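Report on one structure; see the data block that follows.
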Amino acid sequence: MEYLNIIFQESYKILFLLVPVLVSVAMIVWLDRRVWAFVQKRQGPNVVGPFGLLQSLADALKYIFKEIIIPASSNKVIFILAPIITMTLALIAWAVIPFGAEQVLADINVGILYIFAVSSLGVYGIIMGGWASNSKYPFLGAIRSAAQMVSYEVSIGIIIINVLLCVGSLNLNDIVIAQEEIWFVIPLFPMFIIFFISSLAETNRPPFDLPEAEAELVAGYQTEYSGMMYAMFWLGEYANILLMCALGSILFLGGWLSPIDLYPFNLIPGFLWLIFKILFLFILFALVKAIVPRYRYDQLMKLGWKIFLPLSLTYVVLTASYLFYFNLLPTN
Amino acid sequence: MIAHAIFFYFFSVIAVVSAIMVTVSKNTVHSVFFLILDFISISCLFIMIGAEFLGMIMLIVYVGAVAVLFLFVVMMLNVAQQKSQWFVSNASSGHIPVGLLISVIIFFELIIVIGGWKYKPDLFNSEDLKISEDISNTHSLGQVLYTDYIHIFQISGMILLIAMIGAIVLTFRQREGVKKQSYLKQISRERNEGVEVLEVTSNKGVKIDD
């Protein structure tokens, strides 16, 4: 009975986390298209529902009712597994995101490592999909994507080390609480910029959307997918984008802390602040998509390995020496 | 405790079965996927015994980076589906004795290490390690690695660095005829370098080298 109780309680909590995440993924797709359209002086989706808010739901219905086509020469088990893995990995990472001092599903010691591990597993969904399709465009897209994600993970890891040096803990809630005096975006501003650009590359967003560069590779690793399986790739991708925005706001923008600890701002609950910050970062993501042209592949690799990696390593040395010299290293 | 045992057997059965499947499966890419499954279940076992830092590092390093490279190599080489499995085929089994020899040696080494650890714990002096319950194992690992074992730690880092340089030297080759883009050169181009005014004689034309 005891176990059943625990299982019931936990699934209740998980549902309360997953359903809002999935709904906000749908909303964020709409927001992305709207921002994109406004930059280009178009209207964007504005027909279904008020302001076109229900457009994503209509799209989802369309995907559900379309036929799933599995290519005859594909590796069927892996072909079906790939979108499932992408979406599952994008969703399980949300387990450790703190929405408030107490509002976190799993308050584990190594929260930041967990997110990093899960996001580094994300490459498998893409590489499996690309390989199992048994067709050249998906395969090229998958290879590109894997190389890209592995390269940019390195610089993201080193940027995380920068933040951890200032915090002294791998727990995400501790990272947020360490920013009570000053958000890390101010002392670590160059790292915030590099983190933002690297997370664009990590989530295959424009200008780094080479895995699905439609002019060269049709749709990259998604070429052979249709119906609900395509929609799952899509959901997973946007859930990952949201996750990177959440990670950025936790690492640099103070997570659920309010910007000023004064009377009217104190009343707003923490999770709303986190949502505002995620939205702010996401609108930046959408703006970048609208205004920046796509990179060439060698430029992408050069940026990752020859510019971001040395820069972030140098900044680690700088941060560590600064903290050591002024005796600011966190002790606990 | 029962839940603990259930989870332990769940993960260890998956680990063992997928380790067997790595060698048994016909398709090389499938073997790599089973290897990944094996890594993941082993890191779950690490987390279960409370070594959450090791488990996560295992996920990040082995699954997130090393296995991706394995997968890359196997997919790029396009190793076709093997026609027969090694334990059934009679032909071309020259590599089986060597493999068996190596695995028997590794097996005995493991037995010696674990047996020594079990029956003579003072062989490895673990009394010096101060393990306290109130700090997380990330902290305690850091405290041990960067104080008592700093030299060994640094030497292993140097070995990795040398291996990395060696790999780069071995695979690096200067190819000819590769055009490289230099941003500085592109930006610092001036008009009088890029444009030249030529006298063109009628009916002859000019030769422009490009």
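Chain labels A, B, ... are given in the sequence in which chains occur in the structure tokens; within each chain residues are numbered consecutively from 1, and ligands are likewise numbered from 1 in the order shown.
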
Within 6 Å of chain A, which residues of chain B come that close, and what is the closest atom pair and distance in Å for each? Count only C-alpha atoms and give it as JSON lines.
{"residue": "B:Leu59", "atom": "CA", "partner": "A:Ala117", "partner_atom": "CA", "distance": 5.8}
{"residue": "B:Ile60", "atom": "CA", "partner": "A:Ala117", "partner_atom": "CA", "distance": 4.8}
{"residue": "B:Gly64", "atom": "CA", "partner": "A:Ser120", "partner_atom": "CA", "distance": 4.9}

With N, CA and C atoms retained, write the just-selected residues as a CSV table (one decimal), in the first residue's frame.
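See result08.csv below for the written result:
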chain,number,residue,atom,x,y,z
B,59,LEU,N,27.3,8.8,-18.0
B,59,LEU,CA,26.4,9.2,-19.1
B,59,LEU,C,26.9,10.2,-20.0
B,60,ILE,N,27.5,11.3,-19.4
B,60,ILE,CA,28.0,12.4,-20.3
B,60,ILE,C,29.1,11.9,-21.1
B,64,GLY,N,27.3,10.1,-24.1
B,64,GLY,CA,27.1,11.4,-24.8
B,64,GLY,C,28.2,11.6,-25.8

Report, in Å to a single decimal, how far apart CA of Val29 in chain B and CA of Ser74 in chain A are.
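For CA of Ser74 in chain A relative to CA of Val29 in chain B, the distance reads 13.5 Å.
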
Which neighbours of Ser25 in chain B fall inside 9 Å, counting only C-alpha atoms, when residues of the same chain fewer than 4 positions from it are skipped, and could you give them as a PDB file with N, CA and C atoms, in the first residue's frame?
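So part-v9.pdb came out as:
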ATOM      1  N   ILE B  20      25.660  -9.087 -23.575  1.00  0.00           N
ATOM      2  CA  ILE B  20      25.714 -10.284 -24.432  1.00  0.00           C
ATOM      3  C   ILE B  20      25.275  -9.934 -25.847  1.00  0.00           C
ATOM      4  N   MET B  21      24.225  -9.112 -25.936  1.00  0.00           N
ATOM      5  CA  MET B  21      23.702  -8.767 -27.266  1.00  0.00           C
ATOM      6  C   MET B  21      24.724  -7.981 -28.092  1.00  0.00           C
ATOM      7  N   HIS B  30      23.435  -2.238 -34.521  1.00  0.00           N
ATOM      8  CA  HIS B  30      22.649  -2.709 -33.377  1.00  0.00           C
ATOM      9  C   HIS B  30      23.560  -2.998 -32.189  1.00  0.00           C
ATOM     10  N   SER B  31      24.748  -3.553 -32.461  1.00  0.00           N
ATOM     11  CA  SER B  31      25.684  -3.819 -31.357  1.00  0.00           C
ATOM     12  C   SER B  31      26.012  -2.530 -30.624  1.00  0.00           C
ATOM     13  N   PHE B  34      23.221  -1.548 -28.443  1.00  0.00           N
ATOM     14  CA  PHE B  34      23.179  -2.345 -27.204  1.00  0.00           C
ATOM     15  C   PHE B  34      24.272  -1.907 -26.240  1.00  0.00           C
ATOM     16  N   GLN B  85      26.846 -15.473 -37.746  1.00  0.00           N
ATOM     17  CA  GLN B  85      27.317 -15.055 -36.443  1.00  0.00           C
ATOM     18  C   GLN B  85      28.549 -15.870 -36.057  1.00  0.00           C
TER      19      GLN B  85
END

Just to confirm, what's the straight-line distance from CA of Ser18 in chain B to CA of Leu35 in chain B in Å (one decimal)?
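It comes out at 6.8 Å.
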
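Computed from the coordinates, the CA of Leu210 in chain A to CA of Tyr230 in chain A distance equals 17.9 Å.
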
Which of range 10-197 of chain B counts as helix (DSSP H, G or I) under DSSP, as a ChimeraX atom specification please?
/B:10-24,28-48,52-77,95-119,121-123,137-145,150-171,183-187,191-194

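In terms of minimum interatomic distance to Ser11 in chain A, A:Ala95 ranks closest within A:Leu267, A:Tyr152, A:Val39, A:Ala95, counting only C-alpha atoms.
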
Could you check which of A:Pro211, A:Gly129, A:Gly141, A:Pro83 is closest to Tyr295 in chain A, using only C-alpha atoms?
A:Pro211

Within 8 Å of Phe252 in chain A using only C-alpha atoms, minus same-chain residues under 4 positions, as a tab-separated table (two decimals) with N, CA and C atoms, in the first residue's frame:
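Final file, result.tsv:
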chain	number	residue	atom	x	y	z
A	183	TRP	N	22.72	38.68	-10.29
A	183	TRP	CA	22.54	37.64	-11.28
A	183	TRP	C	23.86	37.40	-11.99
A	184	PHE	N	24.12	36.14	-12.34
A	184	PHE	CA	25.40	35.82	-12.97
A	184	PHE	C	25.55	36.44	-14.35
A	185	VAL	N	24.44	36.95	-14.91
A	185	VAL	CA	24.56	37.52	-16.25
A	185	VAL	C	25.46	38.76	-16.21
A	188	LEU	N	29.31	37.43	-15.53
A	188	LEU	CA	29.70	36.46	-16.56
A	188	LEU	C	29.05	36.80	-17.89
A	192	PHE	N	27.38	34.43	-20.95
A	192	PHE	CA	25.95	34.37	-21.27
A	192	PHE	C	25.75	34.42	-22.78
A	248	GLY	N	19.20	28.49	-19.33
A	248	GLY	CA	19.85	29.80	-19.41
A	248	GLY	C	19.34	30.73	-18.35

Selected residue, from A:Phe276, A:Phe208, A:Tyr225, A:Trp256, that lies nearest to Phe79 in chain A when counting only C-alpha atoms
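The shortest atom-to-atom distance to Phe79 in chain A comes from A:Tyr225.
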
Rank A:Val288, A:Ile14, A:Met1, A:Ser249 by their smallest atom-to-atom distance to Trp94 in chain A, using only C-alpha atoms, and report the top residue only.
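Using only C-alpha atoms, Trp94 in chain A sits closest to A:Ile14.
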